[in-house]
Amino acid sequence: MKTLYSFFIGLFIVNSAMAQWFWQNPLPQGNNLNSINFISSTVGYAVGASGTILKTVNGGANWVASSSGATNELNSVFFTDANTGYAVGMHGTILKTTSGGSNWVSLSSGATYDLTSVFFTDANTGYVVGRNSPILKTTDGGTNWVTLSSGINYWLFSLYFPDTDTGYAVEVGGAILKTTNRGSDWVTLSTGTSNLLFSVYFTGVNTGYVVGDSGTILKTTNGGTDWVSLSSGTKMSLRSVYFTDANTGYAVGDSGAIFKTTNGGTNWVVSSSGTNQGLHSVYFTDANMGYAMGEVGTILKTTNGGTNWVTSSSGTHPWLSQVFFTDANTGYAVGDSGTILKTINGGTNWVALYSGTSNYLNSIYFTDPNTGYAVGYRGTILKTINAGTNWVALSSGTSNYLNSIYFTDPNTGYIVSRDGIILKTINGGTNWVTLSIGINPWLYSLFFPDANTGYAVGWNGTIIKTTNGGTNWVTLSSGTTRNLYSVYFTDSNTGYAVGNGGTLLKTTNGGTNWVALSSGTFWNLYSVFFTDANTGYVVGTYGTILKTTNGGTNWIALPSGTTWDLYSVYFSDTYTGYAVGIFGTILKTNNGGGYPQGINDNIFVSNSLQLYPNPAFNQLTIKTLKKGCLSIFNLNNEIVLRLEITEPVTTMDVSALPNGLYMVRLTNDQTVQVGKFIKE
């Protein structure tokens, strides 16, 4: 039992830092993937943006995320055996695992520049290249790294050693470096091209290939002394090359390009990939089984040597602008090309609904479980009365871009758009009238805390207010000239607005005065949502998610797991929230968003919770000096009970729990306390 308990403590620490927001679309995730490496016919790894590491143990049928502990983009992965592997990336990141990817540790190389490729020639000897042509070498499995002199000062993209002594690296300016003495000396080879070179692969000591920009494919048959240009038949950039034997090779690149040769590069034929997403890496485990990966989490697999490629990833990629839930399980997201997605199981599955339009949809709102509206470009207004099964187009009377919709009751609704246009309906959308506001800024968002009082925000810090259901609007002083994209009120007096450059405003007197809050970021903020008077969330550019638990006085940055822009955030209850954004991104949290960035360095974990009686029968008493959120987990690491702890001694009912062992976690911004009890 002691071993099991230790396991759970470790699991809680990992989950606290790494699994706060998880992907729901695309799947298994939507970050760019940059590199693939297989250690057997079934076990392989892929790495990419935001510290992404994926692993498969069944030949790519399923890919699961490993917790890397990194947030920097990872560009290359290499395994030396079934357990030991390395990943390198931006800002000098070097990670190592000795447990087959279960745990990763950060290695210190002294490098702070971006690293792009890693290659090991044996269990201990490895090389890393990156920006400004540093070449790092280790001879003790990454414990120590030394800097080798390359003789040039450009960005090296790819590295390959056909034997222990001989290695090649390609660089941004079209040069190729070669060493014949394990990196002690490097010579620059002439290629005859100035195109960017991205990937190098050798089928033997003398025969190698390089691919790059503008469809470049180069070949050498004398160890790099001479390079000849092969005709690829494309001008697209080729990002990765791989050969399964002396004659058969593959090159992949932009817009889903896959090319194959069966005669050592003399001729290349196009393979249909079925995607237009850029492909960054290709790898084959044998003559027939191969993989290609790239943008927005794209994973392709072939089982017949590239004749056919099937996707191992799923989901949609049109940009999503807003998410809205009608209950704990049922939600909608709208976006580019008339996209409307729906879930009826809390986001486990999202299905595309037929909207009847190809116009971009900016906003969605439901007045009851069946009746909903979506608005977008060219005056588009759609309505459903059967929970999204059918959508009908309503006449808006305008061709303007409609940016946000809000209803105060089943019949009364408002829409804001560019040029200061506000539309209102009092009959559930059958008719819309244009309201006069006296100014014409582009308006992005509106919110009504009650039937008569509403706010709209937009360009140049615009905030307008009505107290009579839109008949009259007055302009409020926001104190900023930055664009405001979202507004939200928690009561009749207290509201928030967010916008460009990390702008975050708050009012406590119904908009008469607005004060600037410190968001801690300069990224654009696009959406704000509060679950109660104190707890709120903001999302924005570069995967930004901010959280406050004290009404905006302080905001902490939560790890989102992506750098894609997020446009909308919505919580269906205190703990369950969703964020959507570009490339079809849908993220979910079921623990209130988790902990701030860098929590591994600051949070204290202890097993100091006092739980009694133990075993417990119907009641469990929790004694602690700390306030926070208490969660009870079963042995499947599923949360079965939650409670906010505000007193030193709290008693909770556990009579409904099945008999067995349970783990308990009490969390706040400074500590994690864990405990266990047996239910009998």
# chains A, B, ... in the order shown; residues from 1 in each chain; ligands from 1
call {"tool": "select_by_dssp", "arguments": {"residues": "segment 310-389 of chain A", "states": "helix (DSSP H, G or I)", "output": "compact mmCIF listing (two decimals) with C-alpha atoms, in the first residue's frame"}}
result
# COMPACT_ATOMS: atom_id res chain seq x y z
CA ASP A 336 -15.07 29.84 -40.08
CA SER A 337 -16.94 28.67 -43.20
CA GLY A 338 -20.28 28.46 -41.40
CA TYR A 377 -20.32 37.95 -41.76
CA ARG A 378 -22.49 39.64 -44.40
CA GLY A 379 -25.40 40.15 -42.03
call {"tool": "select_by_dssp", "arguments": {"residues": "segment 81-305 of chain A", "states": "strand (DSSP E or B)", "output": "number ranges by chain"}}
result
A: 85-89, 94-97, 105-106, 115-120, 126-130, 135-138, 146-148, 156-160, 167-171, 176-179, 187-189, 197-202, 208-212, 217-220, 228-230, 238-243, 249-253, 258-261, 269-271, 279-284, 290-294, 299-302
call {"tool": "residues_around", "arguments": {"residues": "Ala251 of chain A", "least_positions_apart": "6", "cutoff": "10 Å", "atoms": "only C-alpha atoms", "output": "list in words"}}
result
Ser199, Tyr209, Val210, Val211, Gly212, Gly215, Ile217, Ser232, Leu238, Arg239, Ser240, Val241, Tyr242, Phe243, Ala257, Ile258, Phe259, Lys260, Thr261, Trp268, Val270, Leu279, His280, Ser281, Val282, Tyr283 and Ala292 of chain A
call {"tool": "write_last_selection", "arguments": {"atoms": "C-alpha atoms", "output": "PDB file, in the first residue's frame"}}
result
ATOM      1  CA  SER A 199      16.489  17.699 -43.850  1.00  0.00           C
ATOM      2  CA  TYR A 209      19.884  13.140 -49.869  1.00  0.00           C
ATOM      3  CA  VAL A 210      18.937  16.660 -48.774  1.00  0.00           C
ATOM      4  CA  VAL A 211      15.587  18.393 -49.242  1.00  0.00           C
ATOM      5  CA  GLY A 212      14.616  22.022 -48.837  1.00  0.00           C
ATOM      6  CA  GLY A 215      11.148  21.678 -54.061  1.00  0.00           C
ATOM      7  CA  ILE A 217      16.225  17.683 -53.643  1.00  0.00           C
ATOM      8  CA  SER A 232      11.067  16.890 -57.628  1.00  0.00           C
ATOM      9  CA  LEU A 238      10.085  19.921 -48.659  1.00  0.00           C
ATOM     10  CA  ARG A 239      10.641  19.529 -44.927  1.00  0.00           C
ATOM     11  CA  SER A 240      11.742  15.928 -44.353  1.00  0.00           C
ATOM     12  CA  VAL A 241      13.288  13.016 -46.274  1.00  0.00           C
ATOM     13  CA  TYR A 242      13.541   9.315 -45.368  1.00  0.00           C
ATOM     14  CA  PHE A 243      14.685   6.200 -47.264  1.00  0.00           C
ATOM     15  CA  ALA A 257       2.944  17.127 -50.200  1.00  0.00           C
ATOM     16  CA  ILE A 258       4.279  13.561 -50.238  1.00  0.00           C
ATOM     17  CA  PHE A 259       6.685  12.397 -52.957  1.00  0.00           C
ATOM     18  CA  LYS A 260       8.106   8.920 -53.468  1.00  0.00           C
ATOM     19  CA  THR A 261      11.049   7.547 -55.452  1.00  0.00           C
ATOM     20  CA  TRP A 268       9.702  11.288 -57.836  1.00  0.00           C
ATOM     21  CA  VAL A 270       3.236  12.342 -55.972  1.00  0.00           C
ATOM     22  CA  LEU A 279       3.953  17.910 -43.195  1.00  0.00           C
ATOM     23  CA  HIS A 280       7.125  18.334 -41.147  1.00  0.00           C
ATOM     24  CA  SER A 281       8.455  14.809 -40.639  1.00  0.00           C
ATOM     25  CA  VAL A 282       8.332  11.368 -42.271  1.00  0.00           C
ATOM     26  CA  TYR A 283       9.498   8.022 -40.852  1.00  0.00           C
ATOM     27  CA  ALA A 292       4.013  11.551 -41.709  1.00  0.00           C
TER      28      ALA A 292
END
call {"tool": "closest_residue", "arguments": {"among": "A:His317, A:Lys55, A:Arg418, A:Lys588", "to": "Tyr570 of chain A", "atoms": "only C-alpha atoms"}}
result
A:Lys588
call {"tool": "residues_around", "arguments": {"residues": "segment 573-576 of chain A", "least_positions_apart": "4", "cutoff": "8 Å", "atoms": "only C-alpha atoms", "output": "PyMOL selection string"}}
result
chain A and resi 328+531-532+588-593
call {"tool": "residues_around", "arguments": {"residues": "Thr207 of chain A", "least_positions_apart": "3", "cutoff": "12 Å", "atoms": "only C-alpha atoms", "output": "NGL selection string"}}
result
:A and (161-162 or 168 or 200-204 or 210 or 218-228 or 243 or 245-247 or 264-265)
call {"tool": "write_last_selection", "arguments": {"atoms": "N, CA and C atoms", "output": "compact mmCIF listing (two decimals), in the first residue's frame"}}
result
# COMPACT_ATOMS: atom_id res chain seq x y z
N PHE A 161 24.11 11.07 -38.96
CA PHE A 161 25.38 10.34 -38.95
C PHE A 161 25.16 8.97 -39.57
N PRO A 162 25.74 8.70 -40.75
CA PRO A 162 25.64 7.36 -41.32
C PRO A 162 26.53 6.34 -40.62
N TYR A 168 26.69 14.71 -41.01
CA TYR A 168 26.33 15.83 -41.88
C TYR A 168 25.30 16.70 -41.19
N VAL A 200 18.28 16.07 -43.95
CA VAL A 200 19.32 15.27 -44.58
C VAL A 200 19.16 13.81 -44.15
N TYR A 201 19.41 12.89 -45.09
CA TYR A 201 19.33 11.46 -44.80
C TYR A 201 20.32 10.72 -45.69
N PHE A 202 21.05 9.75 -45.11
CA PHE A 202 22.00 8.93 -45.87
C PHE A 202 21.57 7.47 -45.84
N THR A 203 21.65 6.85 -47.00
CA THR A 203 21.33 5.42 -47.10
C THR A 203 22.58 4.56 -46.92
N GLY A 204 23.74 5.20 -46.96
CA GLY A 204 25.01 4.52 -46.74
C GLY A 204 26.06 5.56 -46.43
N VAL A 210 19.32 15.46 -49.53
CA VAL A 210 18.94 16.66 -48.77
C VAL A 210 17.73 17.27 -49.46
N LEU A 218 18.59 17.32 -53.32
CA LEU A 218 19.98 17.12 -53.72
C LEU A 218 20.40 15.69 -53.38
N LYS A 219 21.35 15.17 -54.19
CA LYS A 219 21.86 13.83 -53.95
C LYS A 219 23.37 13.80 -54.12
N THR A 220 24.04 13.04 -53.24
CA THR A 220 25.46 12.77 -53.37
C THR A 220 25.70 11.27 -53.39
N THR A 221 26.69 10.85 -54.15
CA THR A 221 27.08 9.43 -54.15
C THR A 221 28.54 9.28 -53.77
N ASN A 222 29.16 10.37 -53.36
CA ASN A 222 30.58 10.30 -52.98
C ASN A 222 30.83 11.03 -51.66
N GLY A 223 29.93 10.81 -50.73
CA GLY A 223 30.14 11.34 -49.38
C GLY A 223 30.10 12.84 -49.30
N GLY A 224 29.35 13.48 -50.20
CA GLY A 224 29.16 14.91 -50.11
C GLY A 224 30.13 15.75 -50.90
N THR A 225 31.10 15.12 -51.55
CA THR A 225 32.04 15.89 -52.37
C THR A 225 31.30 16.60 -53.50
N ASP A 226 30.38 15.90 -54.11
CA ASP A 226 29.56 16.49 -55.17
C ASP A 226 28.08 16.25 -54.85
N TRP A 227 27.28 17.26 -55.20
CA TRP A 227 25.82 17.16 -55.02
C TRP A 227 25.15 17.51 -56.34
N VAL A 228 24.19 16.69 -56.73
CA VAL A 228 23.43 16.96 -57.95
C VAL A 228 21.99 17.26 -57.58
N PHE A 243 14.57 7.33 -46.34
CA PHE A 243 14.69 6.20 -47.26
C PHE A 243 14.55 4.89 -46.51
N ASP A 245 15.28 1.93 -48.20
CA ASP A 245 16.38 1.15 -48.74
C ASP A 245 17.15 2.04 -49.72
N ALA A 246 18.09 1.48 -50.43
CA ALA A 246 18.95 2.29 -51.30
C ALA A 246 18.18 2.99 -52.40
N ASN A 247 17.02 2.47 -52.78
CA ASN A 247 16.28 3.03 -53.90
C ASN A 247 14.98 3.75 -53.52
N GLY A 264 16.15 5.58 -56.47
CA GLY A 264 17.24 6.36 -55.90
C GLY A 264 17.17 7.84 -56.22
N GLY A 265 15.96 8.35 -56.43
CA GLY A 265 15.78 9.78 -56.61
C GLY A 265 15.75 10.26 -58.04
call {"tool": "closest_residue", "arguments": {"among": "A:Asn32, A:Ser231, A:Asn614, A:Ser363", "to": "Trp564 of chain A", "atoms": "only C-alpha atoms"}}
result
A:Asn32
call {"tool": "residues_around", "arguments": {"residues": "Leu587 of chain A", "least_positions_apart": "3", "cutoff": "10 Å", "atoms": "only C-alpha atoms", "output": "PyMOL selection string"}}
result
chain A and resi 20-26+29-30+347+560-562+566+569+577-581+584
call {"tool": "write_last_selection", "arguments": {"atoms": "N, CA and C atoms", "output": "PDB file, in the first residue's frame"}}
result
ATOM      1  N   GLN A  20      -4.156  20.374 -16.823  1.00  0.00           N
ATOM      2  CA  GLN A  20      -5.252  21.240 -16.416  1.00  0.00           C
ATOM      3  C   GLN A  20      -6.224  21.500 -17.564  1.00  0.00           C
ATOM      4  N   TRP A  21      -5.699  21.728 -18.745  1.00  0.00           N
ATOM      5  CA  TRP A  21      -6.510  21.893 -19.951  1.00  0.00           C
ATOM      6  C   TRP A  21      -6.103  20.797 -20.926  1.00  0.00           C
ATOM      7  N   PHE A  22      -7.073  20.089 -21.460  1.00  0.00           N
ATOM      8  CA  PHE A  22      -6.749  18.996 -22.374  1.00  0.00           C
ATOM      9  C   PHE A  22      -7.544  19.155 -23.662  1.00  0.00           C
ATOM     10  N   TRP A  23      -7.005  18.532 -24.714  1.00  0.00           N
ATOM     11  CA  TRP A  23      -7.565  18.700 -26.057  1.00  0.00           C
ATOM     12  C   TRP A  23      -8.857  17.913 -26.228  1.00  0.00           C
ATOM     13  N   GLN A  24      -9.822  18.557 -26.903  1.00  0.00           N
ATOM     14  CA  GLN A  24     -11.028  17.858 -27.348  1.00  0.00           C
ATOM     15  C   GLN A  24     -11.177  17.918 -28.869  1.00  0.00           C
ATOM     16  N   ASN A  25     -10.503  18.861 -29.495  1.00  0.00           N
ATOM     17  CA  ASN A  25     -10.500  18.963 -30.953  1.00  0.00           C
ATOM     18  C   ASN A  25      -9.309  19.829 -31.359  1.00  0.00           C
ATOM     19  N   PRO A  26      -8.535  19.402 -32.372  1.00  0.00           N
ATOM     20  CA  PRO A  26      -8.492  18.054 -32.953  1.00  0.00           C
ATOM     21  C   PRO A  26      -7.945  17.042 -31.929  1.00  0.00           C
ATOM     22  N   GLN A  29      -4.359  15.733 -30.431  1.00  0.00           N
ATOM     23  CA  GLN A  29      -4.097  17.110 -30.028  1.00  0.00           C
ATOM     24  C   GLN A  29      -3.910  17.938 -31.291  1.00  0.00           C
ATOM     25  N   GLY A  30      -3.852  19.274 -31.139  1.00  0.00           N
ATOM     26  CA  GLY A  30      -3.829  20.129 -32.312  1.00  0.00           C
ATOM     27  C   GLY A  30      -2.599  20.985 -32.491  1.00  0.00           C
ATOM     28  N   GLY A 347     -18.192  17.441 -24.482  1.00  0.00           N
ATOM     29  CA  GLY A 347     -17.039  17.659 -25.333  1.00  0.00           C
ATOM     30  C   GLY A 347     -16.255  16.423 -25.704  1.00  0.00           C
ATOM     31  N   SER A 560      -1.973  26.436 -20.864  1.00  0.00           N
ATOM     32  CA  SER A 560      -3.037  25.973 -21.758  1.00  0.00           C
ATOM     33  C   SER A 560      -2.617  24.756 -22.572  1.00  0.00           C
ATOM     34  N   GLY A 561      -1.302  24.562 -22.740  1.00  0.00           N
ATOM     35  CA  GLY A 561      -0.823  23.446 -23.549  1.00  0.00           C
ATOM     36  C   GLY A 561      -0.788  23.732 -25.028  1.00  0.00           C
ATOM     37  N   THR A 562      -0.993  25.006 -25.409  1.00  0.00           N
ATOM     38  CA  THR A 562      -0.926  25.355 -26.819  1.00  0.00           C
ATOM     39  C   THR A 562      -0.495  26.810 -26.963  1.00  0.00           C
ATOM     40  N   LEU A 566      -6.617  31.828 -28.673  1.00  0.00           N
ATOM     41  CA  LEU A 566      -7.909  31.404 -28.128  1.00  0.00           C
ATOM     42  C   LEU A 566      -8.860  32.593 -28.158  1.00  0.00           C
ATOM     43  N   VAL A 569     -13.992  31.744 -24.132  1.00  0.00           N
ATOM     44  CA  VAL A 569     -13.953  30.869 -22.962  1.00  0.00           C
ATOM     45  C   VAL A 569     -15.346  30.825 -22.351  1.00  0.00           C
ATOM     46  N   GLY A 577     -14.754  23.986 -17.798  1.00  0.00           N
ATOM     47  CA  GLY A 577     -14.685  25.092 -18.745  1.00  0.00           C
ATOM     48  C   GLY A 577     -14.114  24.678 -20.082  1.00  0.00           C
ATOM     49  N   TYR A 578     -14.358  25.519 -21.070  1.00  0.00           N
ATOM     50  CA  TYR A 578     -13.942  25.263 -22.444  1.00  0.00           C
ATOM     51  C   TYR A 578     -13.337  26.528 -23.039  1.00  0.00           C
ATOM     52  N   ALA A 579     -12.338  26.355 -23.889  1.00  0.00           N
ATOM     53  CA  ALA A 579     -11.745  27.469 -24.625  1.00  0.00           C
ATOM     54  C   ALA A 579     -11.586  27.038 -26.072  1.00  0.00           C
ATOM     55  N   VAL A 580     -11.929  27.927 -27.007  1.00  0.00           N
ATOM     56  CA  VAL A 580     -11.838  27.592 -28.428  1.00  0.00           C
ATOM     57  C   VAL A 580     -11.039  28.666 -29.153  1.00  0.00           C
ATOM     58  N   GLY A 581     -10.497  28.280 -30.319  1.00  0.00           N
ATOM     59  CA  GLY A 581      -9.676  29.237 -31.045  1.00  0.00           C
ATOM     60  C   GLY A 581      -9.327  28.788 -32.444  1.00  0.00           C
ATOM     61  N   GLY A 584      -9.433  25.139 -35.207  1.00  0.00           N
ATOM     62  CA  GLY A 584     -10.382  24.210 -34.597  1.00  0.00           C
ATOM     63  C   GLY A 584     -10.100  23.867 -33.154  1.00  0.00           C
TER      64      GLY A 584
END
call {"tool": "atom_distance", "arguments": {"atom1": "atom CA of Gly495 of chain A", "atom2": "atom CA of Leu320 of chain A"}}
result
24.9 Å
